[in-house]
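Note sheet for the following structure.
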Amino acid sequence: MTKRKLKNSLLSAEATGGDIAESGFQYQASLIASRVPYWLKHDGFTEAIQEALGDVEASFFVPERGICREFVEYKNHRLTPSEFWPEIERFWEMDKTSPEAYCKFVLACKDVSDDIKSMLNALRRVRDAYPFYQNASAIQNSSFSDFETIVNNLYQKEDVSNFLFDKVFFEIDLTDAENYAREKFRDALYNCFPELQNFTAKAGSEAFSNVAELIKNRRNKPIHRNDLELAITHAVESNYKLVKNIRLHTRSYVKNCV
C-alpha cells in the first residue's frame with residue numbers, strides 16, 4: 001500500500017513542487033526581506049527558512065511555550081475561492097498534525113475575490129475589537145457567531161472559523177511595483193529601529209539588497225538571526241549592532257519575621 005505523504009512533510013508535493021523561475025524567486029526573496037525587520041524586533045526570533053514546507057517560516061522562542069513558528073505563503077495573483085480554500089485546508093491540516101509547531105499562518109497575495117474579501121473584512125473587524133470586550137462575553141459571542149455564519153456560508157466542508165480567527169492572517173496588498181518590497185523594508189526598519197533613520201537612504205537600500213541576496217542564496221537552509229543582523233549592519237556601520245534595551249521587572253519580598 002502506498003502511503004500518502006502528509007502536507008507537513010518536507011517531501012510532500014506542496015513542499016517540493018514549487019520550483020520558481022529565477023525572476024519569480026528574486027521577487028519572493030524581496031518580499032521575505034521586507035519581513036525581516038519585524039522579525040528582528042522580537043527578541044525571541046532565532047532563525048528563518050525558505051522553500052522548506054512553505055515559502056518562508058520564521059522561528060521564535062516564546063518563554064511560556066518554547067519554540068513557535070510563523071508560516072508564510074505568497075501568491076503573486078488574485079485568489080479565487082478554488083485556490084483560497086485549499087490553502088486554508090493545507091494550513092489547517094498542518095496545524096492539526098503538528099498543533100504546537102505553528103502559532104501563526106500568513107497568506108499574502110495581490111487580491112482576493114469579492115466574497116472572500118467580505119469574509120476577511122468581517123474577520124478583521126471582529127478580531128481587532130475582540131479583546132476590548134473581554135468582560136462582555138455576550139458581545140464577543142454574538143460577534144464571533146456572525147463571523148462563523150459568514151465562513152460557513154462560503155466553505156461548507158468543515159467549520160474552520162475558529163482556526164481562521166485564532167491563527168490565520170492575511171496580507172492582501174502585494175504589487176509588482178519595482179520598489180514595493182524595498183520601501184516596505186525601509187519603513188519597517190525605521191519603525192522597528194528608529195535610530196537607523198540617522199543613516200543615509202543609500203545605506204537603507206544596501207541593507208535591503210544584502211538581506212534579499214542572503215535569502216536568495218539560502219534556499220531550504222536555515223538563516224540565523226545573526227546572519228540577518230550582519231547583512232543589515234554591514235550596510236550602515238561595521239561596528240553598529242541591532243540591539244534594544246531590555247527591561248527587567250523585579251520584585252522583592254520581605255517576610256515579616258516579627
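Ordering of the C-alpha cells sets the chain letters (A, B, ...), residue numbers begin anew at 1 in every chain, and ligands are numbered from 1 in the order given.
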
Residues of stretch 63-132 of chain A that have any atom at most 12 Å from an atom of stretch 170-192 of chain A: could you tabulate them with the shortest-distance atom pair and the distance in Å to one decimal, using only C-alpha atoms, ordered by chain and increasing number, as JSON lines?
{"residue": "A:Phe71", "atom": "CA", "partner": "A:Phe170", "partner_atom": "CA", "distance": 11.6}
{"residue": "A:Val72", "atom": "CA", "partner": "A:Phe170", "partner_atom": "CA", "distance": 9.6}
{"residue": "A:Glu73", "atom": "CA", "partner": "A:Phe170", "partner_atom": "CA", "distance": 9.9}
{"residue": "A:Tyr74", "atom": "CA", "partner": "A:Leu174", "partner_atom": "CA", "distance": 8.9}
{"residue": "A:Lys75", "atom": "CA", "partner": "A:Leu174", "partner_atom": "CA", "distance": 8.6}
{"residue": "A:Asn76", "atom": "CA", "partner": "A:Leu174", "partner_atom": "CA", "distance": 7.2}
{"residue": "A:His77", "atom": "CA", "partner": "A:Leu174", "partner_atom": "CA", "distance": 8.4}
{"residue": "A:Arg78", "atom": "CA", "partner": "A:Ile172", "partner_atom": "CA", "distance": 9.0}
{"residue": "A:Leu79", "atom": "CA", "partner": "A:Ile172", "partner_atom": "CA", "distance": 9.8}
{"residue": "A:Phe84", "atom": "CA", "partner": "A:Phe170", "partner_atom": "CA", "distance": 11.1}
{"residue": "A:Glu87", "atom": "CA", "partner": "A:Phe170", "partner_atom": "CA", "distance": 11.8}
{"residue": "A:Ile88", "atom": "CA", "partner": "A:Phe170", "partner_atom": "CA", "distance": 11.0}
{"residue": "A:Lys104", "atom": "CA", "partner": "A:Phe170", "partner_atom": "CA", "distance": 10.6}
{"residue": "A:Phe105", "atom": "CA", "partner": "A:Phe170", "partner_atom": "CA", "distance": 8.5}
{"residue": "A:Val106", "atom": "CA", "partner": "A:Phe170", "partner_atom": "CA", "distance": 5.6}
{"residue": "A:Leu107", "atom": "CA", "partner": "A:Phe170", "partner_atom": "CA", "distance": 5.0}
{"residue": "A:Ala108", "atom": "CA", "partner": "A:Glu171", "partner_atom": "CA", "distance": 4.5}
{"residue": "A:Cys109", "atom": "CA", "partner": "A:Ile172", "partner_atom": "CA", "distance": 5.2}
{"residue": "A:Lys110", "atom": "CA", "partner": "A:Leu174", "partner_atom": "CA", "distance": 4.4}
{"residue": "A:Asp111", "atom": "CA", "partner": "A:Ile172", "partner_atom": "CA", "distance": 5.3}
{"residue": "A:Val112", "atom": "CA", "partner": "A:Ile172", "partner_atom": "CA", "distance": 7.4}
{"residue": "A:Ser113", "atom": "CA", "partner": "A:Ile172", "partner_atom": "CA", "distance": 10.9}
{"residue": "A:Ile116", "atom": "CA", "partner": "A:Ile172", "partner_atom": "CA", "distance": 11.1}
{"residue": "A:Lys117", "atom": "CA", "partner": "A:Ile172", "partner_atom": "CA", "distance": 9.1}
{"residue": "A:Met119", "atom": "CA", "partner": "A:Phe170", "partner_atom": "CA", "distance": 11.4}
{"residue": "A:Leu120", "atom": "CA", "partner": "A:Phe170", "partner_atom": "CA", "distance": 7.9}
{"residue": "A:Asn121", "atom": "CA", "partner": "A:Phe170", "partner_atom": "CA", "distance": 10.3}
{"residue": "A:Leu123", "atom": "CA", "partner": "A:Phe170", "partner_atom": "CA", "distance": 10.0}
{"residue": "A:Arg124", "atom": "CA", "partner": "A:Phe170", "partner_atom": "CA", "distance": 9.4}

*Running DSSP on the backbone, which parts of stretch 1-245 of chain A land in alpha helix (DSSP H), as JSON, numbers by chain?*
{"A": [13, 14, 15, 16, 22, 23, 24, 25, 26, 27, 28, 29, 30, 31, 32, 33, 36, 37, 38, 39, 40, 41, 81, 82, 83, 84, 85, 86, 87, 88, 89, 90, 91, 92, 93, 94, 95, 96, 97, 114, 115, 116, 117, 118, 119, 120, 121, 122, 123, 124, 125, 126, 127, 128, 129, 137, 138, 139, 140, 141, 142, 143, 144, 145, 146, 147, 148, 149, 150, 151, 152, 153, 154, 161, 162, 163, 164, 165, 166, 167, 180, 181, 182, 183, 184, 185, 186, 187, 188, 189, 190, 191, 192, 201, 202, 203, 204, 205, 206, 207, 208, 209, 210, 211, 212, 213, 214, 215, 216, 225, 226, 227, 228, 229, 230, 231, 232, 233, 234, 235, 236]}

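Contact shell of stretch 55-68 of chain A at 7 Å (only C-alpha atoms; same-chain neighbours under 5 positions omitted): Gly44, Phe45, Thr46, Glu47, Ala48, Ile49, Gln50, Glu73, Tyr74, Ala101, Tyr102 and Cys103 of chain A.
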
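Ranking A:Lys41, A:Gln156, A:Trp85, A:Val36 by their shortest atom-to-atom distance to A:Pro194, with only C-alpha atoms included, puts A:Lys41 first.
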
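Note that the spacing between atom CA of A:Tyr27 and atom CA of A:Val236 amounts to 23.7 Å.
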
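When only C-alpha atoms are used to measure the gap to A:Leu154, the shortest distance among A:Glu100, A:Asp128, A:Glu93, A:Asp115 belongs to A:Asp115.
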
*Tell me, as an NGL selection string, which residues lie within 9 Å of stretch 215-225 of chain A, counting only C-alpha atoms; anything in the same chain fewer than 3 positions away does not count.*
:A and (25-26 or 28-30 or 32-33 or 39-40 or 45-53 or 210-212 or 228-230)

Mind writing the picked residues with C-alpha atoms as a CSV table (one decimal), in the first residue's frame?
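After the write, result-v3.csv holds the following:
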chain,number,residue,atom,x,y,z
A,25,PHE,CA,12.3,33.8,-6.8
A,26,GLN,CA,14.0,37.2,-6.7
A,28,GLN,CA,9.8,36.3,-3.4
A,29,ALA,CA,13.2,36.9,-1.8
A,30,SER,CA,12.5,40.6,-1.8
A,32,ILE,CA,10.6,37.9,2.5
A,33,ALA,CA,13.3,40.5,3.1
A,39,TRP,CA,11.3,39.5,13.0
A,40,LEU,CA,14.4,41.2,14.4
A,45,PHE,CA,13.4,35.5,16.9
A,46,THR,CA,16.1,32.9,16.2
A,47,GLU,CA,16.1,31.9,12.5
A,48,ALA,CA,14.1,31.5,9.3
A,49,ILE,CA,14.0,29.1,6.5
A,50,GLN,CA,12.6,29.4,3.0
A,51,GLU,CA,11.4,26.9,0.4
A,52,ALA,CA,11.1,24.1,3.1
A,53,LEU,CA,7.5,23.4,3.9
A,210,ASN,CA,22.1,42.5,1.3
A,211,VAL,CA,19.2,40.8,3.1
A,212,ALA,CA,17.4,39.9,-0.1
A,228,LEU,CA,20.4,38.8,9.0
A,229,GLU,CA,21.7,41.3,11.5
A,230,LEU,CA,25.1,41.3,9.9

*as a ChimeraX atom specification, please: all residues of stretch 18-257 of chain A that backbone DSSP puts in strand (DSSP E or B).*
/A:45-50,56-62,66-79,102-112,168-172,219,223-224

*Could you check how far atom CA of A:Trp92 sits from atom CA of A:Val160, in Å to one decimal?*
8.0 Å
